[in-house]
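J.: This is the content of protein-v8.txt (compact mmCIF, C-alpha atoms):
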# COMPACT_ATOMS: atom_id res chain seq x y z
CA MET A 527 71.55 71.07 226.25
CA ASP A 528 70.64 72.56 229.67
CA ILE A 529 74.15 71.97 230.97
CA GLU A 530 75.57 73.61 227.86
CA ARG A 531 73.36 76.64 228.35
CA VAL A 532 74.36 76.94 232.01
CA THR A 533 78.04 76.65 231.09
CA THR A 534 77.64 79.30 228.39
CA GLY A 535 75.80 81.57 230.80
CA ILE A 536 78.53 81.26 233.43
CA LYS A 537 81.17 81.97 230.80
CA ARG A 538 79.30 85.09 229.62
CA MET A 539 78.95 86.34 233.20
CA PHE A 540 82.67 85.83 233.85
CA GLN A 541 83.49 87.70 230.63
CA GLY A 542 81.11 90.45 231.71
CA VAL A 543 82.91 90.81 235.05
CA GLN A 544 86.18 91.16 233.11
CA ILE A 545 84.70 93.96 231.00
CA LEU A 546 83.39 95.75 234.08
CA PHE A 547 86.82 95.33 235.70
CA VAL A 548 88.39 97.09 232.70
CA ALA A 549 85.90 99.98 232.85
CA PHE A 550 85.67 100.23 236.64
CA GLY A 551 88.54 102.65 237.33
CA ALA A 552 87.40 105.29 234.86
CA LEU A 553 83.73 104.66 235.64
CA VAL A 554 83.94 105.60 239.33
CA ILE A 555 86.43 108.47 239.03
CA VAL A 556 83.88 110.86 237.51
CA PRO A 557 81.39 110.69 240.42
CA LEU A 558 84.20 110.75 243.00
CA LEU A 559 85.59 113.96 241.50
CA THR A 560 82.26 115.73 241.01
CA GLY A 561 80.31 114.88 244.14
CA LEU A 562 77.93 112.38 242.52
CA ASP A 563 77.33 108.93 243.99
CA PRO A 564 79.62 106.17 242.61
CA ASN A 565 77.00 103.48 243.27
CA VAL A 566 74.51 105.44 241.18
CA ALA A 567 77.17 105.72 238.46
CA LEU A 568 77.54 101.93 238.49
CA PHE A 569 73.77 101.52 238.21
CA THR A 570 73.41 104.05 235.37
CA ALA A 571 76.34 102.52 233.49
CA GLY A 572 74.52 99.19 233.57
CA ILE A 573 71.11 100.61 232.67
CA GLY A 574 72.65 102.88 230.02
CA THR A 575 74.41 99.95 228.35
CA LEU A 576 71.19 97.93 228.29
CA ILE A 577 69.29 100.88 226.77
CA PHE A 578 72.00 101.27 224.14
CA GLN A 579 71.71 97.59 223.26
CA VAL A 580 67.93 97.80 222.84
CA VAL A 581 68.16 100.87 220.62
CA THR A 582 70.96 99.40 218.48
CA ARG A 583 69.28 95.98 218.28
CA MET A 584 72.04 94.14 220.15
CA LYS A 585 74.55 94.59 217.32
CA VAL A 586 77.41 96.62 218.81
CA PRO A 587 79.69 95.08 221.51
CA ILE A 588 80.24 98.25 223.49
CA PHE A 589 79.91 99.37 227.12
CA LEU A 590 78.68 102.80 228.24
CA ALA A 591 79.81 104.52 231.44
CA SER A 592 80.79 107.87 233.00
CA SER A 593 81.99 110.55 230.56
CA PHE A 594 85.11 112.54 231.49
CA ALA A 595 84.14 115.34 229.10
CA PHE A 596 81.54 116.63 231.56
CA ILE A 597 83.75 116.75 234.68
CA PRO A 598 84.42 120.54 234.56
CA ALA A 599 80.77 121.31 233.84
CA ILE A 600 79.47 119.00 236.58
CA SER A 601 81.97 120.36 239.14
CA TYR A 602 81.01 123.95 238.35
CA GLY A 603 77.31 123.13 238.28
CA VAL A 604 77.34 121.31 241.62
CA ALA A 605 79.24 124.18 243.26
CA THR A 606 76.99 126.85 241.69
CA TRP A 607 73.48 125.37 241.57
CA GLY A 608 73.67 122.07 243.44
CA ILE A 609 73.32 118.50 242.20
CA PRO A 610 69.60 118.50 241.19
CA SER A 611 69.97 121.58 238.95
CA THR A 612 73.18 120.20 237.44
CA LEU A 613 71.37 116.97 236.61
CA CYS A 614 68.81 119.04 234.68
CA GLY A 615 71.59 120.38 232.45
CA LEU A 616 73.08 116.91 232.01
CA ALA A 617 69.72 115.41 231.05
CA ALA A 618 69.30 118.18 228.47
CA ALA A 619 72.74 117.27 227.07
CA GLY A 620 71.41 113.76 226.53
CA LEU A 621 68.50 115.22 224.59
CA LEU A 622 71.00 117.06 222.36
CA TYR A 623 72.35 113.64 221.35
CA VAL A 624 68.80 112.62 220.48
CA VAL A 625 68.38 115.72 218.32
CA LEU A 626 71.68 115.01 216.57
CA SER A 627 70.55 111.44 215.88
CA VAL A 628 67.43 112.78 214.17
CA VAL A 629 69.51 115.25 212.14
CA ILE A 630 71.83 112.44 211.05
CA ARG A 631 68.87 110.24 210.11
CA VAL A 632 67.29 112.99 207.98
CA PHE A 633 70.26 114.84 206.50
CA GLY A 634 73.20 112.45 206.88
CA ILE A 635 76.31 112.59 209.01
CA GLU A 636 77.92 115.19 206.72
CA VAL A 637 75.74 117.96 208.18
CA VAL A 638 77.02 117.30 211.70
CA THR A 639 80.67 117.10 210.66
CA ARG A 640 80.21 120.34 208.72
CA ILE A 641 78.96 122.16 211.82
CA PHE A 642 81.39 120.46 214.21
CA PRO A 643 84.63 119.85 212.26
CA PRO A 644 87.89 118.65 213.87
CA VAL A 645 89.26 122.21 213.96
CA VAL A 646 86.49 123.00 216.47
CA VAL A 647 86.22 119.70 218.33
CA GLY A 648 89.99 119.24 218.80
CA PRO A 649 90.69 122.41 220.82
CA VAL A 650 87.43 121.98 222.77
CA ILE A 651 88.66 118.56 223.94
CA CYS A 652 92.01 120.16 224.83
CA ILE A 653 90.19 122.66 227.05
CA ILE A 654 88.42 119.84 228.89
CA GLY A 655 91.76 118.34 229.90
CA LEU A 656 93.65 121.58 230.55
CA SER A 657 90.87 123.15 232.62
CA LEU A 658 91.13 120.18 234.97
CA ALA A 659 94.90 120.49 235.43
CA PRO A 660 94.67 122.66 238.58
CA VAL A 661 92.28 120.13 240.14
CA ALA A 662 94.72 117.26 239.55
CA VAL A 663 97.70 119.19 240.88
CA GLY A 664 95.79 120.38 243.95
CA MET A 665 94.73 116.82 244.77
CA ALA A 666 98.28 115.56 244.24
CA LEU A 667 99.41 118.15 246.81
CA GLY A 668 96.89 116.77 249.31
CA MET A 669 94.26 119.49 248.98
CA ASP A 670 90.51 118.92 248.88
CA GLY A 671 88.32 121.94 248.21
CA GLY A 672 91.14 124.28 249.10
CA VAL A 673 91.77 122.54 252.43
CA GLN A 674 95.02 120.68 253.17
CA VAL A 675 93.75 117.22 254.18
CA VAL A 676 97.06 115.35 253.80
CA PRO A 677 100.51 116.82 254.57
CA VAL A 678 102.26 117.93 251.38
CA GLU A 679 105.27 115.63 251.86
CA THR A 680 103.08 112.56 252.36
CA ALA A 681 100.74 113.63 249.56
CA LEU A 682 103.56 113.94 247.05
CA ILE A 683 104.80 110.44 247.88
CA LEU A 684 101.34 108.92 247.44
CA ALA A 685 100.64 110.89 244.26
CA GLY A 686 104.07 110.04 242.85
CA VAL A 687 103.70 106.31 243.48
CA SER A 688 100.17 106.28 242.03
CA LEU A 689 101.27 108.23 238.97
CA LEU A 690 104.38 106.11 238.42
CA THR A 691 102.37 102.88 238.67
CA THR A 692 99.81 104.17 236.20
CA LEU A 693 102.58 105.27 233.81
CA VAL A 694 104.39 101.94 233.98
CA ILE A 695 101.22 99.93 233.33
CA PHE A 696 100.09 102.33 230.61
CA THR A 697 103.47 102.19 228.87
CA PHE A 698 104.77 98.67 229.46
CA GLY A 699 101.70 96.66 230.47
CA LYS A 700 100.76 93.59 228.44
CA GLY A 701 97.44 91.89 227.81
CA TRP A 702 94.67 92.61 230.31
CA LEU A 703 97.03 94.55 232.55
CA LYS A 704 97.49 97.25 229.90
CA LEU A 705 93.73 97.85 229.90
CA ILE A 706 93.53 98.83 233.59
CA PRO A 707 96.31 101.37 234.29
CA ILE A 708 93.96 103.63 236.28
CA LEU A 709 92.76 100.79 238.48
CA CYS A 710 96.36 99.63 239.07
CA GLY A 711 97.53 103.12 239.99
CA ILE A 712 94.71 103.57 242.48
CA ALA A 713 95.21 100.09 243.94
CA VAL A 714 98.95 100.58 244.57
CA GLY A 715 98.40 104.08 245.95
CA TYR A 716 95.65 102.79 248.22
CA ALA A 717 97.85 99.98 249.50
CA LEU A 718 100.64 102.45 250.32
CA SER A 719 98.11 104.73 252.03
CA ALA A 720 96.97 101.80 254.15
CA ALA A 721 100.56 101.05 255.10
CA LEU A 722 101.06 104.68 256.14
CA GLY A 723 97.88 104.55 258.21
CA ILE A 724 96.02 107.46 256.61
CA ILE A 725 92.88 105.61 255.51
CA ASN A 726 89.74 105.91 257.61
CA TYR A 727 87.90 102.58 257.53
CA THR A 728 85.02 103.69 259.75
CA LYS A 729 82.49 104.28 256.96
CA ILE A 730 83.41 101.00 255.27
CA VAL A 731 82.75 99.08 258.49
CA GLU A 732 79.53 100.95 259.26
CA GLU A 733 78.05 100.78 255.74
CA ALA A 734 75.62 97.93 255.10
CA TRP A 735 76.38 95.31 252.49
CA PHE A 736 73.06 95.94 250.77
CA SER A 737 72.18 99.58 250.21
CA ILE A 738 69.95 101.48 247.79
CA PRO A 739 72.04 103.93 245.73
CA ALA A 740 71.40 107.62 246.44
CA PHE A 741 69.22 108.29 243.42
CA THR A 742 68.53 112.00 242.84
CA LEU A 743 65.96 113.62 240.56
CA PRO A 744 66.79 116.72 238.51
CA GLU A 745 65.43 120.16 239.27
CA TRP A 746 64.58 122.60 236.47
CA ASN A 747 67.34 125.18 235.93
CA LEU A 748 67.63 127.00 232.61
CA ALA A 749 71.04 128.44 233.52
CA ALA A 750 72.44 124.94 234.04
CA ILE A 751 71.00 123.81 230.71
CA LEU A 752 72.56 126.70 228.77
CA PHE A 753 75.89 126.16 230.53
CA ILE A 754 76.14 122.37 230.16
CA VAL A 755 74.45 121.49 226.85
CA PRO A 756 77.17 122.99 224.59
CA VAL A 757 79.74 120.81 226.39
CA ALA A 758 78.05 117.78 224.79
CA ILE A 759 79.34 118.82 221.36
CA ALA A 760 82.81 117.30 221.84
CA PRO A 761 81.77 113.86 223.20
CA ALA A 762 79.00 113.67 220.58
CA ILE A 763 81.54 114.03 217.79
CA GLU A 764 83.93 111.63 219.52
CA HIS A 765 81.08 109.11 219.45
CA PHE A 766 81.66 108.65 215.72
CA GLY A 767 85.30 107.78 216.32
CA ASP A 768 84.39 105.26 218.99
CA ILE A 769 81.90 103.52 216.70
CA LEU A 770 84.48 103.42 213.91
CA ALA A 771 87.03 101.98 216.35
CA ILE A 772 84.86 99.10 217.51
CA GLY A 773 83.88 98.49 213.88
CA SER A 774 87.53 98.19 212.89
CA VAL A 775 88.02 95.61 215.67
CA THR A 776 85.05 93.44 214.75
CA GLY A 777 85.30 93.97 210.98
CA LYS A 778 81.76 95.38 210.73
CA ASN A 779 80.42 98.72 209.55
CA TYR A 780 78.27 99.90 212.44
CA LEU A 781 77.84 103.31 210.80
CA GLU A 782 75.59 101.49 208.32
CA ASP A 783 74.13 98.73 210.49
CA PRO A 784 72.58 99.52 212.92
CA GLY A 785 73.47 103.04 211.75
CA VAL A 786 75.21 105.90 213.53
CA HIS A 787 71.85 107.59 214.06
CA ARG A 788 70.83 104.60 216.21
CA THR A 789 74.11 104.48 218.16
CA MET A 790 73.86 108.23 218.82
CA LEU A 791 70.22 107.83 219.86
CA GLY A 792 71.15 105.00 222.23
CA ASP A 793 73.94 107.11 223.75
CA GLY A 794 71.56 110.06 224.12
CA ILE A 795 68.75 108.14 225.80
CA ALA A 796 71.26 106.41 228.09
CA THR A 797 72.71 109.79 229.10
CA PHE A 798 69.25 111.27 229.67
CA VAL A 799 68.14 108.37 231.86
CA ALA A 800 71.44 108.34 233.79
CA SER A 801 71.26 112.07 234.50
CA PHE A 802 67.58 111.89 235.39
CA ILE A 803 68.30 109.61 238.36
CA GLY A 804 71.54 111.15 239.60
CA GLY A 805 74.29 109.58 237.51
CA PRO A 806 76.92 111.15 235.24
CA PRO A 807 76.40 111.26 231.46
CA ASN A 808 77.31 108.08 229.62
CA THR A 809 79.77 107.58 226.80
CA THR A 810 81.26 104.65 224.91
CA TYR A 811 84.46 103.33 226.52
CA SER A 812 87.61 102.88 224.44
CA GLU A 813 89.09 100.69 227.19
CA VAL A 814 86.34 98.18 226.52
CA THR A 815 87.06 98.35 222.80
CA GLY A 816 90.65 97.41 223.66
CA ALA A 817 89.39 94.47 225.70
CA VAL A 818 87.24 93.30 222.79
CA ALA A 819 90.27 93.50 220.50
CA LEU A 820 92.35 91.52 222.99
CA THR A 821 89.85 88.71 223.61
CA ARG A 822 88.35 88.62 220.09
CA GLU A 823 84.98 87.98 221.74
CA TYR A 824 82.52 90.09 219.76
CA ASN A 825 79.21 88.86 221.20
CA PRO A 826 77.17 91.83 222.56
CA LEU A 827 75.79 89.49 225.23
CA ILE A 828 79.10 89.93 227.04
CA MET A 829 78.27 93.63 227.41
CA THR A 830 74.83 92.62 228.67
CA ALA A 831 76.51 90.54 231.36
CA ALA A 832 78.80 93.46 232.26
CA ALA A 833 75.78 95.73 232.55
CA VAL A 834 73.98 93.29 234.84
CA CYS A 835 77.10 92.99 237.03
CA ALA A 836 77.33 96.80 237.27
CA ILE A 837 73.71 97.01 238.41
CA ILE A 838 74.29 94.31 241.04
CA PHE A 839 77.44 96.01 242.36
CA ALA A 840 75.53 99.30 242.61
CA PHE A 841 73.51 97.86 245.49
CA ILE A 842 76.58 96.79 247.50
CA GLY A 843 76.96 99.68 249.91
CA LYS A 844 80.50 98.83 251.02
CA ILE A 845 81.77 99.36 247.46
CA GLY A 846 80.74 103.01 247.56
CA ALA A 847 82.16 103.45 251.06
CA ALA A 848 85.49 101.92 249.98
CA LEU A 849 85.66 104.21 246.96
CA HIS A 850 85.04 107.28 249.12
CA SER A 851 87.92 106.21 251.38
CA ILE A 852 90.51 106.58 248.59
CA PRO A 853 92.93 109.34 249.72
CA VAL A 854 92.89 112.56 247.69
CA PRO A 855 96.61 112.39 246.68
CA VAL A 856 96.14 108.91 245.19
CA MET A 857 93.38 110.23 242.95
CA GLY A 858 95.45 113.32 242.15
CA GLY A 859 98.45 111.32 240.97
CA VAL A 860 96.33 109.30 238.56
CA MET A 861 94.49 112.42 237.39
CA ILE A 862 97.71 114.18 236.35
CA LEU A 863 98.16 111.59 233.62
CA LEU A 864 94.49 111.14 232.81
CA PHE A 865 93.65 114.82 232.35
CA GLY A 866 96.81 115.28 230.30
CA LEU A 867 95.71 112.41 228.07
CA ILE A 868 92.36 114.12 227.50
CA ALA A 869 94.15 117.26 226.31
CA SER A 870 96.38 115.11 224.11
CA LEU A 871 93.31 113.53 222.52
CA GLY A 872 92.27 116.98 221.39
CA ILE A 873 95.64 117.51 219.74
CA ASN A 874 95.32 114.06 218.19
CA GLN A 875 92.01 115.13 216.64
CA LEU A 876 93.84 117.91 214.80
CA VAL A 877 96.74 115.67 213.74
CA ARG A 878 94.68 112.65 212.71
CA ASN A 879 92.36 114.75 210.58
CA ARG A 880 95.29 116.68 209.11
CA VAL A 881 94.01 120.09 210.14
CA ASP A 882 96.30 122.63 208.48
CA LEU A 883 97.33 125.05 211.21
CA SER A 884 99.25 127.15 208.70
CA ALA A 885 95.85 128.12 207.27
CA GLN A 886 94.89 131.38 208.91
CA LYS A 887 91.22 130.44 209.34
CA ASN A 888 92.15 127.31 211.30
CA ILE A 889 94.74 128.99 213.51
CA VAL A 890 92.28 131.77 214.36
CA ILE A 891 89.60 129.26 215.38
CA VAL A 892 91.96 127.15 217.49
CA SER A 893 93.53 130.18 219.16
CA ILE A 894 90.26 131.82 220.14
CA ILE A 895 88.71 128.58 221.40
CA LEU A 896 91.72 127.86 223.62
CA VAL A 897 91.99 131.34 225.11
CA THR A 898 88.27 131.85 225.73
CA GLY A 899 87.86 128.37 227.18
CA ILE A 900 90.92 128.32 229.43
CA GLY A 901 90.73 132.05 230.27
CA GLY A 902 87.20 131.81 231.64
CA LEU A 903 85.42 134.21 229.27
CA PHE A 904 81.70 134.47 230.00
CA ILE A 905 78.68 136.25 228.57
CA PRO A 906 76.07 137.39 231.12
CA ILE A 907 72.50 136.56 230.06
CA GLY A 908 70.01 137.87 232.59
CA ASP A 909 70.62 136.16 235.92
CA PHE A 910 73.03 133.60 234.53
CA LYS A 911 76.04 133.45 232.26
CA LEU A 912 77.22 131.41 229.29
CA ALA A 913 80.80 130.39 230.04
CA GLY A 914 83.55 127.81 229.99
CA ILE A 915 83.83 124.95 227.55
CA GLY A 916 80.31 125.43 226.24
CA LEU A 917 80.90 129.07 225.28
CA ALA A 918 84.23 128.18 223.66
CA ALA A 919 82.52 125.46 221.60
CA ILE A 920 79.78 127.84 220.43
CA ILE A 921 82.35 130.49 219.49
CA GLY A 922 84.31 127.88 217.52
CA VAL A 923 81.22 126.74 215.61
CA LEU A 924 80.24 130.31 214.74
CA LEU A 925 83.76 131.23 213.62
CA ASN A 926 84.01 128.13 211.45
CA LEU A 927 80.73 128.95 209.72
CA ALA A 928 81.43 132.68 209.41
CA ILE A 929 85.04 132.81 208.18
CA PRO A 930 85.37 131.90 204.49
CA GLU A 931 87.99 129.32 203.57
CA THR A 932 89.79 131.77 201.31
CA GLN A 933 89.81 134.69 203.73
CA GLU A 934 93.21 135.72 205.04
CA VAL A 935 93.34 137.02 208.55
CA LYS A 936 96.35 139.26 209.15
CA ALA A 937 98.08 139.19 212.50
Hey, can you dump this file as structure tokens for me?

T.:
Amino acid sequence: MDIERVTTGIKRMFQGVQILFVAFGALVIVPLLTGLDPNVALFTAGIGTLIFQVVTRMKVPIFLASSFAFIPAISYGVATWGIPSTLCGLAAAGLLYVVLSVVIRVFGIEVVTRIFPPVVVGPVICIIGLSLAPVAVGMALGMDGGVQVVPVETALILAGVSLLTTLVIFTFGKGWLKLIPILCGIAVGYALSAALGIINYTKIVEEAWFSIPAFTLPEWNLAAILFIVPVAIAPAIEHFGDILAIGSVTGKNYLEDPGVHRTMLGDGIATFVASFIGGPPNTTYSEVTGAVALTREYNPLIMTAAAVCAIIFAFIGKIGAALHSIPVPVMGGVMILLFGLIASLGINQLVRNRVDLSAQKNIVIVSIILVTGIGGLFIPIGDFKLAGIGLAAIIGVLLNLAIPETQEVKA
């Protein structure tokens, strides 16, 4: 019996490493792009997943890690207020999830979908992807913070190879390979960069094998809270789709058991804890859902093993140093596809939910959300301003509630 348990444990740990391998590329990109620590992101992904499992009573085989939806908000927040203040806004976004879980528990999911329908959520997701387009292009051209760090000719080669690799794996990959297009694109781009001699290995050599992640506590900042919290609307609504997706794979109704209020609560607490110690907000990973569908291994203990592996890797200092050594153009090439996919997901929200864009109410909402979000509209409130994706989301919610279904809006 003891041998059987040891064998089962080793198998679970190996399966957990596979899951972490699938999530790894997307997991570390968020901190690398926003100035947060990738080792902290690994730690908070592990802790967040364990928290989610406790809250949902170990019933949902899902892995939580860095959310792409918050990249624009984190980047702006770090540049404007610094990391501690930005973390305050991100922690508050986690609390919004908690509030939504209570609302769902008391009033049902219909109330949330009424306030945040696809006609609002879809274009908000589009803005997230489109607002990041200049960042991806700038990185692909070898620029970092407005400074040319890699010659344009070399940068375009590296970005092109990274993008092409990611596209090929994403389009033609089979089995496990299809689940890691980002990781493959970065790996091939990194290898080419090494061959061209543009990688600085100094920090990797100097960094210790064992290192405490750079945990950071939040600092109170009301402006950051008001700017970042509305951004949580889109990933909160997407949470429902992710839970439905994993349910369709396993053949179970997780909206009923353990209940979407519990899954939302787990996501919210995980995001709050992650942000409170310096990590990016957490979200459920569709890549992991694809891995579950491929392996047909539905035991949540596999996600527990993945979480433990993530926590262990977080304390390996050379991992963080290696991640920071990835050349900017390599990241840029992968980001061109990834940020475009985020925008496409917003369009998919409209298509999948059959939003009628010939209806004047819907076209007005979509149009105003896109222009205000991409155009950079802001509303000054005292010493700070409400702007960006958050403002666009609030405007969309208000328009949806204010414009009657039968009202015709003339151009």

J.: Once you count all atoms listed in the file, what closest atom pair and distance in Å to one decimal does each residue of range 571-674 of chain A within 9 Å of range 875-899 of chain A have, with rows by chain and rising residue number, as JSON lines?

T.:
{"residue": "A:Pro644", "atom": "CA", "partner": "A:Leu876", "partner_atom": "CA", "distance": 6.1}
{"residue": "A:Val645", "atom": "CA", "partner": "A:Leu876", "partner_atom": "CA", "distance": 6.3}
{"residue": "A:Val646", "atom": "CA", "partner": "A:Val892", "partner_atom": "CA", "distance": 6.9}
{"residue": "A:Val647", "atom": "CA", "partner": "A:Gln875", "partner_atom": "CA", "distance": 7.6}
{"residue": "A:Gly648", "atom": "CA", "partner": "A:Gln875", "partner_atom": "CA", "distance": 5.1}
{"residue": "A:Pro649", "atom": "CA", "partner": "A:Val892", "partner_atom": "CA", "distance": 5.9}
{"residue": "A:Val650", "atom": "CA", "partner": "A:Ile895", "partner_atom": "CA", "distance": 6.9}
{"residue": "A:Ile651", "atom": "CA", "partner": "A:Gln875", "partner_atom": "CA", "distance": 8.7}
{"residue": "A:Cys652", "atom": "CA", "partner": "A:Leu896", "partner_atom": "CA", "distance": 7.8}
{"residue": "A:Ile653", "atom": "CA", "partner": "A:Gly899", "partner_atom": "CA", "distance": 6.2}
{"residue": "A:Ile654", "atom": "CA", "partner": "A:Gly899", "partner_atom": "CA", "distance": 8.7}
{"residue": "A:Ser657", "atom": "CA", "partner": "A:Gly899", "partner_atom": "CA", "distance": 8.1}

J.: If we count all atoms listed in the file and set the cut-off at 8 Å, which residues sit around Gly914 in chain A, ignoring sequence neighbours fewer than 5 positions away in its own chain? Please answer as an MDAnalysis selection string.

T.: chainID A and resid 753 898:900 902:904

J.: With all atoms listed in the file as the basis for distance, which of A:Ala717, A:Val629, A:Met584, A:Val834 is at the shortest distance from Ile545 in chain A?

T.: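 So, comparing all the options, the nearest one is A:Val834.
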
J.: For range 841-888 of chain A versus range 548-571 of chain A, which residues have an atom no more than 10 Å away, and what is each residue's nearest atom pair and distance in Å rounded to one decimal, using all atoms listed in the file, chain-then-number order, as CSV?

T.:
residue,atom,partner,partner_atom,distance
A:Phe841,CA,A:Asn565,CA,7.0
A:Ile842,CA,A:Asn565,CA,7.9
A:Gly843,CA,A:Asn565,CA,7.7
A:Lys844,CA,A:Asn565,CA,9.7
A:Ile845,CA,A:Asn565,CA,7.6
A:Gly846,CA,A:Asn565,CA,5.7
A:Ala847,CA,A:Pro564,CA,9.2
A:Leu849,CA,A:Pro564,CA,7.7
A:His850,CA,A:Leu558,CA,7.1
A:Ile852,CA,A:Leu558,CA,9.4
A:Val854,CA,A:Leu559,CA,9.7
A:Met857,CA,A:Ile555,CA,8.2
A:Gly858,CA,A:Leu559,CA,9.9
A:Val860,CA,A:Ile555,CA,9.9
A:Met861,CA,A:Ile555,CA,9.1
A:Leu864,CA,A:Ala552,CA,9.4

J.: Check the smallest atom-to-atom distance from each of A:Leu718, A:Thr639, A:Met669, A:Ile708 to His765 in chain A using all atoms listed in the file, then report the winner.

T.: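 Of the candidates, the smallest distance to His765 in chain A is held by A:Thr639.
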
J.: Given all atoms listed in the file as the basis, pick out the residue of A:Val818, A:Leu867, A:Ala685, A:Val856 nearest to Gly773 in chain A.

T.: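 Between A:Val818, A:Leu867, A:Ala685, A:Val856, the residue approaching Gly773 in chain A most closely is A:Val818.
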
J.: Of the residues A:Gly792, A:Pro761, A:Gly908, A:Gly608, which is the one nearest to Phe589 in chain A, using only C-alpha atoms?

T.: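 Checking each candidate against Phe589 in chain A, we get A:Gly792 as the closest.
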
J.: Given the choices A:Ile795, A:Ile588, A:Ala919, A:Leu658, which gets closest to Ser812 in chain A if the distance is worked out from only C-alpha atoms?

T.: A:Ile588

J.: Rounded to one decimal place, report the CA of Gly671 in chain A-CA of Thr606 in chain A distance in Å.

T.: 14.0 Å

J.: For CA of Val624 in chain A and CA of Pro610 in chain A, quote the distance in Å rounded to one decimal.

T.: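 If I compute the distance from CA of Val624 in chain A to CA of Pro610 in chain A, I get 21.5 Å.
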
J.: Env of Ala599 in chain A: 8 Å cut, atoms = only C-alpha atoms, seq-sep filter 5 positions within chain, self excluded. Answer as a list in words.

T.: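 So, after excluding close chain neighbours, the residues are Phe753, Ile754, Val757 and Ile915 of chain A.
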
J.: Write out, as a PDB file, in the coordinates of the input, the residues just selected, with C-alpha atoms.

T.:
ATOM      1  CA  PHE A 753      75.890 126.160 230.530  1.00  0.00           C
ATOM      2  CA  ILE A 754      76.140 122.370 230.160  1.00  0.00           C
ATOM      3  CA  VAL A 757      79.740 120.810 226.390  1.00  0.00           C
ATOM      4  CA  ILE A 915      83.830 124.950 227.550  1.00  0.00           C
TER       5      ILE A 915
END

J.: At a cut-off of 12 Å, using all atoms listed in the file, what residues contact Ala771 in chain A? Leave out same-chain residues fewer than 2 positions from it and give the result as a VMD selection string.

T.: chain A and resid 586 to 588 764 to 769 773 to 781 810 to 816 818 to 819

J.: Could you work out how far CA of Pro643 in chain A lies from CA of Phe578 in chain A, giving the answer in Å with one decimal?

T.: 25.4 Å

J.: Taking into account all atoms listed in the file, which residue in the set A:Ala848, A:His787, A:Asn825, A:Phe596 is nearest to Val731 in chain A?

T.: A:Ala848

J.: Using all atoms listed in the file, determine which residues lie at most 10 Å from Asn747 in chain A, disregarding the query and same-chain residues fewer than 4 positions distant; provide the list as a list in words.

T.: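 Near Asn747 in chain A, the qualifying residues are Trp607, Pro610, Ser611, Thr612, Leu613, Cys614, Gly615, Ile751 and Leu752 of chain A.
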